[in-house]
Amino acid sequence: MSWVGSRVKRVEDPALLKGEGRFVDDIHLPGMLLAAVVRSPFAHARIAGIDASAALAIPGVHAVVTHADLPEAFRQPLPLLVPNPAIRYPVMQHVLAKDAVHFVGEAIALVLADDRYIAEDGVDLVVVDYEPLPAASDFRKAAAAGAPAAHAGRADNIAAEFAVGYGEADQAFARAAHIFKEELFQHRGAAHPMECRAMLAHQDTLTGTLTIWANTQAPHQLRDVYCRMTGAADDRVRVIAPNTGGGFGSKVQTYPEHIATAAAALLTKLPVKYIEDRREHFLSTHQERDQLWTVEIAVDGDGKVLGVRGSLMHDSGAYLPWGVITPFISATTMPGPYVIPAYRMKVTCVFTNKVATTPVRGAGRPQAAFAMERLMDRVARELGLDPAEVRRRNYVPADRMPYAVGLTFRDGSPVVYDSGDYPACQQLALDRAGYDGFRAEQASVRAEGRYLGIGIGSYIEGTGLGPFEGATVQVTPGGQILARVGSSDQGQGHRTMFAQIVADRLGVGPDKVTVTVGDSGGVAYGIGTFASRVAVNAGSSAHVAAGKVREKAIKIASHLLEAAEEDLDLGDGRVFVKGVPAVGKTLGEIAAFANGMPGFSMPAGITVGLEDTSYFTPQRSTYANGCHVAVVEVDVETGGVKILRYVTAHDCGTIINTMMVEGQVAGGVVHGIGNALFEWMRYDDDGQPLTVNFGEYLLPLATETPCIEQAHMQTPTPLNPLGVKGAGEGGTIPAAAAIAGAIDDALRPFGVKITQVPVTPEYLLDLIHKKS
Amino acid sequence: MAERMLLMLSVNGTEITREVPVRLTLADFLRHELALTGTHLGCEHGVCGACTVLVDGRTARSCLMLAVQADGAAVQTVEGMAVDGKLTPLQQAFVEHHGLQCGFCTPGVLATLTELLETIPDPSEADVREWLSGNICRCTGYQGIVDAALAAAKAIREGAAGE
């Protein structure tokens, strides 16, 4: 049997269920200082001076660290990791603010104390002399000429401009039977993992090695950024990501706080821990927010798309830590699962005095799916067609796979949909949802004064982006099978997944494979957990490495047993002679031989150690796809929206663990429900955040969440040996589009058309009253 | 601010006497004074429910409660649930039904559901969702948690009937 594809129970669960997980804040080192951060209360201000004397006078406060106190190597901005020629001003945040602050929550100083209570007392007493400056808040206003400059001295707030496209869009529009235009505003809020950011830095005085425990999605990146800034050698810095309480993109970035905490540990020669609280998370952890899409679609008389064109404005926030990746993904995802003969999108990225925006679950794709699906719904309404039929007429048909869209993706490779059957996937979702029978139900309840509607959201997702991820598989002379994988886990169940993959290759159960993840000391190079890329990259590496170990075990056994390799088989942790299972060697015995005997030469052709390290490098992204159907009921008195049913059909290629994929999809959908109906990070005109707790910023609760009904298709990709595509973000991508479509459908008697998310009751009531 | 008080309470069945700062929260007392780090802090303002523990059998937000307010009380944390390392039927149901991903909110969820199953042994899905509405989970979409709670209720009822 194969473990890949089985509903294997997670190896992670028992410890987490008994309270024996080890998160960063659970680690206590002797002499450890706790840090609290002095943060800017202004969206934009010059810093004229800092007086820490009152804070330093508090018993238990050890130090206050400002920009001026940092060692020289730390008195610089963080590096821009993903440069792009489109970026006009590559402005990056300093480790601690130098002489100005550019968003509410920007870190200015660390107060280090015996405990966090005392450190926070200290923060209250650090006096910062601010000279407030005009702030750029709403990006739509900030983009205009004459708006207050987000960075003093700049002529405008345009951070970057670029365009993507192919074909002759204007010609397509010139010959179109119909042209429809929409202006769509989309707000996504923030990631909000339940564990906020956490970090602990300690330099070992014996070895000089700096260890940073951080709940990061990219431990190697954090190490590499630290080394690049300070000139430290890679092997003097180790980053370990222990249990991590969710990430959803927000923990990919190397933050100024990471580097500042490390600097504080060097300065004090003591371990320093910083645990962010939720208010700080609202202020200072990257979000992914506002985009304004002005888009047009050209169709023929049958609703077949001839072209799409428009412009996209993106709020970058105050800095560009991830360059223009998010809006680039948005613009290159817009064509979606459809044949769009011509396409052009102009993108403008705008600086504002708000925390930087970087990818959150979906990474720019939910906005693109929303824009494309709103256009599809518009075409259906205008032409009197069923929304499912309009999509059917435009899907890339299965027989055109692989399908080259004509765009270049953010990884520099062409956008090519490698495999999948989009019309069949839609049909699967429609059948599961009982789409054809819905109209009768809708009509019957409308007679009772109830407003039910159904909506569709289709999507594609470029997953598994390179360049690589690494895995080492090793068998010890004791017979233990070890797998070390560089990427880190935020709760997805990576250790279970890798154990399944390795177990299949070595003929053992997953319980016999001990997996370590998220340690830069375990695998030399790594990229990180984002872009639904770990199963593709690291999973393939584990598969290849375990395969090499298998080959080597058979080769050595052939030598030991004096049998031809083709006469040997591997199973149950042993290599044995086919047909004579009693004659064989255990993997442990083979490893002991491979580890050598003192003074004896290795036999010809046998290399040292029963282990292999592989770095799988995909040639390009592999495209997952899916179709969601939402059924909602709208209360026209209150503007409340209740999701009655939510059906997903999706194709992420080979499924490694159905249970875990279903968990990813369900969690992703509920994130999308939050984006569609609840989550709004509000700022006033001065850039002052107005939603800084979970009473003001609403996350979906169990009572607002329906059962997510799931159907799976499996079209293995030819782009990696496992045939897998990413599954982590697809649930989120089309959710807002499907729900908006369902609300429109429910409120058809009122002529309501949703053009923004989240759809709050106020917004919806406004639309209902305007139209009625 | 450095005022301290003597605190006597029971935690997971062990009697404990400590002098603590009066401003110390129960959550920080459990985590940092007793090293019971299974109780997690997700928001520190009483909404997310990750820090939920049982105080005299009733759920309480340990981030909103001072340690000294637990004087004389019996506190149960996630570490006090499994007996001799063996998962309870509720914990086991979480394994079977994928009731957790990152596990950060899980200790608080387990506390809430423990109280639910003692109050309503045969809850409906709506009951479970209503009780869970004080615990935020960002990973699971709640589906696995609801399934686990309903399965655990059934297992506990059947276990009781079989005894």
# chains A, B, ... in the order shown; residues from 1 in each chain; ligands from 1
$ interface_residues --of "chain B" --to "chain A" --cutoff "6 Å" --atoms "only C-alpha atoms" --output "number ranges by chain"
B: 37-38, 42-43, 78-79, 101-104, 129-130, 133, 139-142
$ select_by_dssp --residues "stretch 5-157 of chain B" --states "strand (DSSP E or B)" --output "count of residues only"
30
$ residues_around --residues "stretch 735-741 of chain A" --least-positions-apart "3" --cutoff "9 Å" --atoms "only C-alpha atoms" --output "NGL selection string"
:A and (366-367 or 369-374 or 377 or 453-458 or 627-632 or 643 or 668-677 or 731-732 or 744-746 or 753-759)
$ select_by_dssp --residues "stretch 502-569 of chain A" --states "alpha helix (DSSP H)" --output "PyMOL selection string"
chain A and resi 502-506+534+540-561
$ atom_distance --atom1 "atom CA of A:Val661" --atom2 "atom CA of A:Leu465"
18.6 Å
$ atom_distance --atom1 "atom CA of A:Gly573" --atom2 "atom CA of A:Val508"
5.7 Å
$ residues_around --residues "A:Thr285" --least-positions-apart "6" --cutoff "8 Å" --atoms "only C-alpha atoms" --output "compact mmCIF listing (two decimals) with all heavy atoms, in the first residue's frame"
# COMPACT_ATOMS: atom_id res chain seq x y z
N ARG A 197 3.57 37.44 16.62
CA ARG A 197 5.00 37.21 16.35
C ARG A 197 5.75 36.97 17.66
O ARG A 197 5.43 37.56 18.70
CB ARG A 197 5.60 38.41 15.62
CG ARG A 197 5.11 38.56 14.19
CD ARG A 197 5.73 39.78 13.54
NE ARG A 197 5.30 41.00 14.20
CZ ARG A 197 5.94 42.15 14.13
NH1 ARG A 197 7.07 42.25 13.44
NH2 ARG A 197 5.49 43.22 14.75
N SER A 250 1.75 36.16 7.19
CA SER A 250 2.24 37.28 8.01
C SER A 250 3.60 37.01 8.63
O SER A 250 4.29 37.93 9.04
CB SER A 250 1.23 37.60 9.12
OG SER A 250 1.16 36.53 10.04
N VAL A 355 1.16 50.40 7.89
CA VAL A 355 2.11 49.29 7.92
C VAL A 355 2.17 48.67 6.52
O VAL A 355 1.20 48.66 5.78
CB VAL A 355 1.70 48.27 9.01
CG1 VAL A 355 0.37 47.60 8.69
CG2 VAL A 355 2.78 47.23 9.22
$ residues_around --residues "B:Pro89" --least-positions-apart "3" --cutoff "10 Å" --atoms "only C-alpha atoms" --output "number ranges by chain"
B: 82, 86, 92-95, 148-149, 151-156, 159
$ write_last_selection --atoms "N, CA, C and O atoms" --output "PDB file, in the first residue's frame"
ATOM      1  N   ALA B  82      -5.226  14.777  30.158  1.00  0.00           N
ATOM      2  CA  ALA B  82      -4.837  13.389  29.902  1.00  0.00           C
ATOM      3  C   ALA B  82      -4.346  12.758  31.205  1.00  0.00           C
ATOM      4  O   ALA B  82      -3.655  13.398  31.988  1.00  0.00           O
ATOM      5  N   LYS B  86      -2.447   9.297  28.661  1.00  0.00           N
ATOM      6  CA  LYS B  86      -3.478   8.767  27.757  1.00  0.00           C
ATOM      7  C   LYS B  86      -4.500   9.864  27.466  1.00  0.00           C
ATOM      8  O   LYS B  86      -5.049  10.483  28.376  1.00  0.00           O
ATOM      9  N   GLN B  92      -8.836  12.567  22.039  1.00  0.00           N
ATOM     10  CA  GLN B  92      -8.700  11.546  20.995  1.00  0.00           C
ATOM     11  C   GLN B  92      -9.570  11.892  19.790  1.00  0.00           C
ATOM     12  O   GLN B  92      -9.161  11.693  18.638  1.00  0.00           O
ATOM     13  N   ALA B  93     -10.753  12.445  20.049  1.00  0.00           N
ATOM     14  CA  ALA B  93     -11.640  12.830  18.941  1.00  0.00           C
ATOM     15  C   ALA B  93     -10.999  13.930  18.094  1.00  0.00           C
ATOM     16  O   ALA B  93     -11.214  14.000  16.885  1.00  0.00           O
ATOM     17  N   PHE B  94     -10.205  14.793  18.716  1.00  0.00           N
ATOM     18  CA  PHE B  94      -9.500  15.827  17.951  1.00  0.00           C
ATOM     19  C   PHE B  94      -8.482  15.207  16.998  1.00  0.00           C
ATOM     20  O   PHE B  94      -8.271  15.697  15.890  1.00  0.00           O
ATOM     21  N   VAL B  95      -7.829  14.125  17.427  1.00  0.00           N
ATOM     22  CA  VAL B  95      -6.888  13.423  16.543  1.00  0.00           C
ATOM     23  C   VAL B  95      -7.642  12.805  15.370  1.00  0.00           C
ATOM     24  O   VAL B  95      -7.239  12.927  14.211  1.00  0.00           O
ATOM     25  N   ALA B 148     -15.247  16.872  15.965  1.00  0.00           N
ATOM     26  CA  ALA B 148     -14.600  16.219  17.105  1.00  0.00           C
ATOM     27  C   ALA B 148     -15.481  16.301  18.351  1.00  0.00           C
ATOM     28  O   ALA B 148     -15.618  15.328  19.102  1.00  0.00           O
ATOM     29  N   ALA B 149     -16.085  17.456  18.574  1.00  0.00           N
ATOM     30  CA  ALA B 149     -16.918  17.633  19.763  1.00  0.00           C
ATOM     31  C   ALA B 149     -18.121  16.688  19.728  1.00  0.00           C
ATOM     32  O   ALA B 149     -18.465  16.049  20.737  1.00  0.00           O
ATOM     33  N   ALA B 151     -18.375  13.892  18.031  1.00  0.00           N
ATOM     34  CA  ALA B 151     -17.909  12.500  18.158  1.00  0.00           C
ATOM     35  C   ALA B 151     -17.534  12.190  19.603  1.00  0.00           C
ATOM     36  O   ALA B 151     -17.818  11.091  20.110  1.00  0.00           O
ATOM     37  N   ALA B 152     -16.911  13.161  20.282  1.00  0.00           N
ATOM     38  CA  ALA B 152     -16.518  12.936  21.677  1.00  0.00           C
ATOM     39  C   ALA B 152     -17.752  12.788  22.556  1.00  0.00           C
ATOM     40  O   ALA B 152     -17.795  11.935  23.454  1.00  0.00           O
ATOM     41  N   ALA B 153     -18.771  13.602  22.299  1.00  0.00           N
ATOM     42  CA  ALA B 153     -19.996  13.507  23.094  1.00  0.00           C
ATOM     43  C   ALA B 153     -20.589  12.109  22.974  1.00  0.00           C
ATOM     44  O   ALA B 153     -20.984  11.491  23.968  1.00  0.00           O
ATOM     45  N   LYS B 154     -20.584  11.617  21.736  1.00  0.00           N
ATOM     46  CA  LYS B 154     -21.138  10.274  21.494  1.00  0.00           C
ATOM     47  C   LYS B 154     -20.291   9.213  22.207  1.00  0.00           C
ATOM     48  O   LYS B 154     -20.824   8.327  22.880  1.00  0.00           O
ATOM     49  N   ALA B 155     -18.972   9.343  22.075  1.00  0.00           N
ATOM     50  CA  ALA B 155     -18.078   8.348  22.694  1.00  0.00           C
ATOM     51  C   ALA B 155     -18.224   8.353  24.208  1.00  0.00           C
ATOM     52  O   ALA B 155     -18.228   7.297  24.847  1.00  0.00           O
ATOM     53  N   ILE B 156     -18.384   9.539  24.779  1.00  0.00           N
ATOM     54  CA  ILE B 156     -18.502   9.627  26.242  1.00  0.00           C
ATOM     55  C   ILE B 156     -19.833   9.020  26.689  1.00  0.00           C
ATOM     56  O   ILE B 156     -19.900   8.280  27.670  1.00  0.00           O
ATOM     57  N   GLY B 159     -19.522   5.337  26.322  1.00  0.00           N
ATOM     58  CA  GLY B 159     -18.633   4.819  27.355  1.00  0.00           C
ATOM     59  C   GLY B 159     -19.336   4.728  28.686  1.00  0.00           C
ATOM     60  O   GLY B 159     -19.236   3.722  29.404  1.00  0.00           O
TER      61      GLY B 159
END
$ closest_residue --among "B:Thr25, B:Asn12, B:Thr52, B:Thr59" --to "B:Thr106" --atoms "only C-alpha atoms"
B:Thr52
$ closest_residue --among "B:Cys137, B:Leu30, B:Ile145, B:Ala35" --to "B:Cys48" --atoms "only C-alpha atoms"
B:Cys137
$ residues_around --residues "B:Ala74" --least-positions-apart "5" --cutoff "10 Å" --atoms "only C-alpha atoms" --output "list of chain:residue names"
B:Met8, B:Leu9, B:Ser10, B:Val11, B:Asn12, B:Gly13, B:Thr14, B:Glu15, B:Leu54, B:Val55, B:Asp56, B:Gly57
$ write_last_selection --atoms "all heavy atoms" --output "short mmCIF file (atom, residue, chain, number, x, y, z; two decimals), in the first residue's frame"
data_model
loop_
_atom_site.label_atom_id
_atom_site.label_comp_id
_atom_site.auth_asym_id
_atom_site.auth_seq_id
_atom_site.Cartn_x
_atom_site.Cartn_y
_atom_site.Cartn_z
N MET B 8 -2.91 30.86 47.46
CA MET B 8 -3.01 29.40 47.68
C MET B 8 -4.12 28.88 46.77
O MET B 8 -5.24 29.38 46.81
CB MET B 8 -3.33 29.08 49.13
CG MET B 8 -2.26 29.54 50.11
SD MET B 8 -2.75 29.34 51.82
CE MET B 8 -2.70 27.58 52.00
N LEU B 9 -3.77 27.91 45.96
CA LEU B 9 -4.78 27.35 45.05
C LEU B 9 -4.37 25.93 44.66
O LEU B 9 -3.28 25.47 45.02
CB LEU B 9 -4.95 28.22 43.79
CG LEU B 9 -3.91 28.12 42.67
CD1 LEU B 9 -4.37 28.93 41.48
CD2 LEU B 9 -2.54 28.56 43.11
N SER B 10 -5.27 25.27 43.96
CA SER B 10 -4.95 23.95 43.44
C SER B 10 -4.90 24.04 41.93
O SER B 10 -5.78 24.64 41.30
CB SER B 10 -6.01 22.95 43.92
OG SER B 10 -6.35 22.05 42.91
N VAL B 11 -3.84 23.51 41.34
CA VAL B 11 -3.72 23.50 39.88
C VAL B 11 -3.54 22.05 39.43
O VAL B 11 -2.57 21.39 39.84
CB VAL B 11 -2.55 24.37 39.39
CG1 VAL B 11 -2.42 24.29 37.87
CG2 VAL B 11 -2.72 25.81 39.83
N ASN B 12 -4.46 21.59 38.64
CA ASN B 12 -4.45 20.20 38.16
C ASN B 12 -4.28 19.22 39.33
O ASN B 12 -3.57 18.22 39.22
CB ASN B 12 -3.36 19.99 37.11
CG ASN B 12 -3.59 20.84 35.89
OD1 ASN B 12 -4.72 21.17 35.55
ND2 ASN B 12 -2.51 21.24 35.23
N GLY B 13 -4.94 19.55 40.45
CA GLY B 13 -4.94 18.65 41.60
C GLY B 13 -3.78 18.81 42.55
O GLY B 13 -3.74 18.17 43.59
N THR B 14 -2.83 19.67 42.23
CA THR B 14 -1.68 19.90 43.11
C THR B 14 -1.88 21.19 43.89
O THR B 14 -2.19 22.24 43.30
CB THR B 14 -0.38 20.00 42.28
OG1 THR B 14 -0.25 18.80 41.53
CG2 THR B 14 0.84 20.19 43.18
N GLU B 15 -1.71 21.12 45.22
CA GLU B 15 -1.85 22.33 46.05
C GLU B 15 -0.60 23.19 45.90
O GLU B 15 0.53 22.68 45.97
CB GLU B 15 -2.04 21.94 47.53
CG GLU B 15 -3.28 21.11 47.80
CD GLU B 15 -4.57 21.83 47.45
OE1 GLU B 15 -4.65 23.07 47.61
OE2 GLU B 15 -5.51 21.14 46.96
N LEU B 54 -10.24 26.04 33.18
CA LEU B 54 -11.39 25.77 34.05
C LEU B 54 -11.04 26.19 35.47
O LEU B 54 -10.02 25.77 36.03
CB LEU B 54 -11.74 24.28 34.00
CG LEU B 54 -12.26 23.81 32.63
CD1 LEU B 54 -12.26 22.28 32.55
CD2 LEU B 54 -13.66 24.36 32.37
N VAL B 55 -11.84 27.07 36.02
CA VAL B 55 -11.67 27.50 37.42
C VAL B 55 -12.90 27.01 38.19
O VAL B 55 -14.03 27.43 37.87
CB VAL B 55 -11.55 29.04 37.51
CG1 VAL B 55 -11.44 29.48 38.97
CG2 VAL B 55 -10.33 29.52 36.71
N ASP B 56 -12.68 26.10 39.11
CA ASP B 56 -13.78 25.44 39.82
C ASP B 56 -14.80 24.87 38.84
O ASP B 56 -16.02 24.98 39.02
CB ASP B 56 -14.45 26.40 40.81
CG ASP B 56 -13.53 26.76 41.98
OD1 ASP B 56 -12.68 25.92 42.33
OD2 ASP B 56 -13.66 27.87 42.52
N GLY B 57 -14.27 24.31 37.75
CA GLY B 57 -15.12 23.62 36.78
C GLY B 57 -15.77 24.50 35.75
O GLY B 57 -16.41 24.01 34.83
#
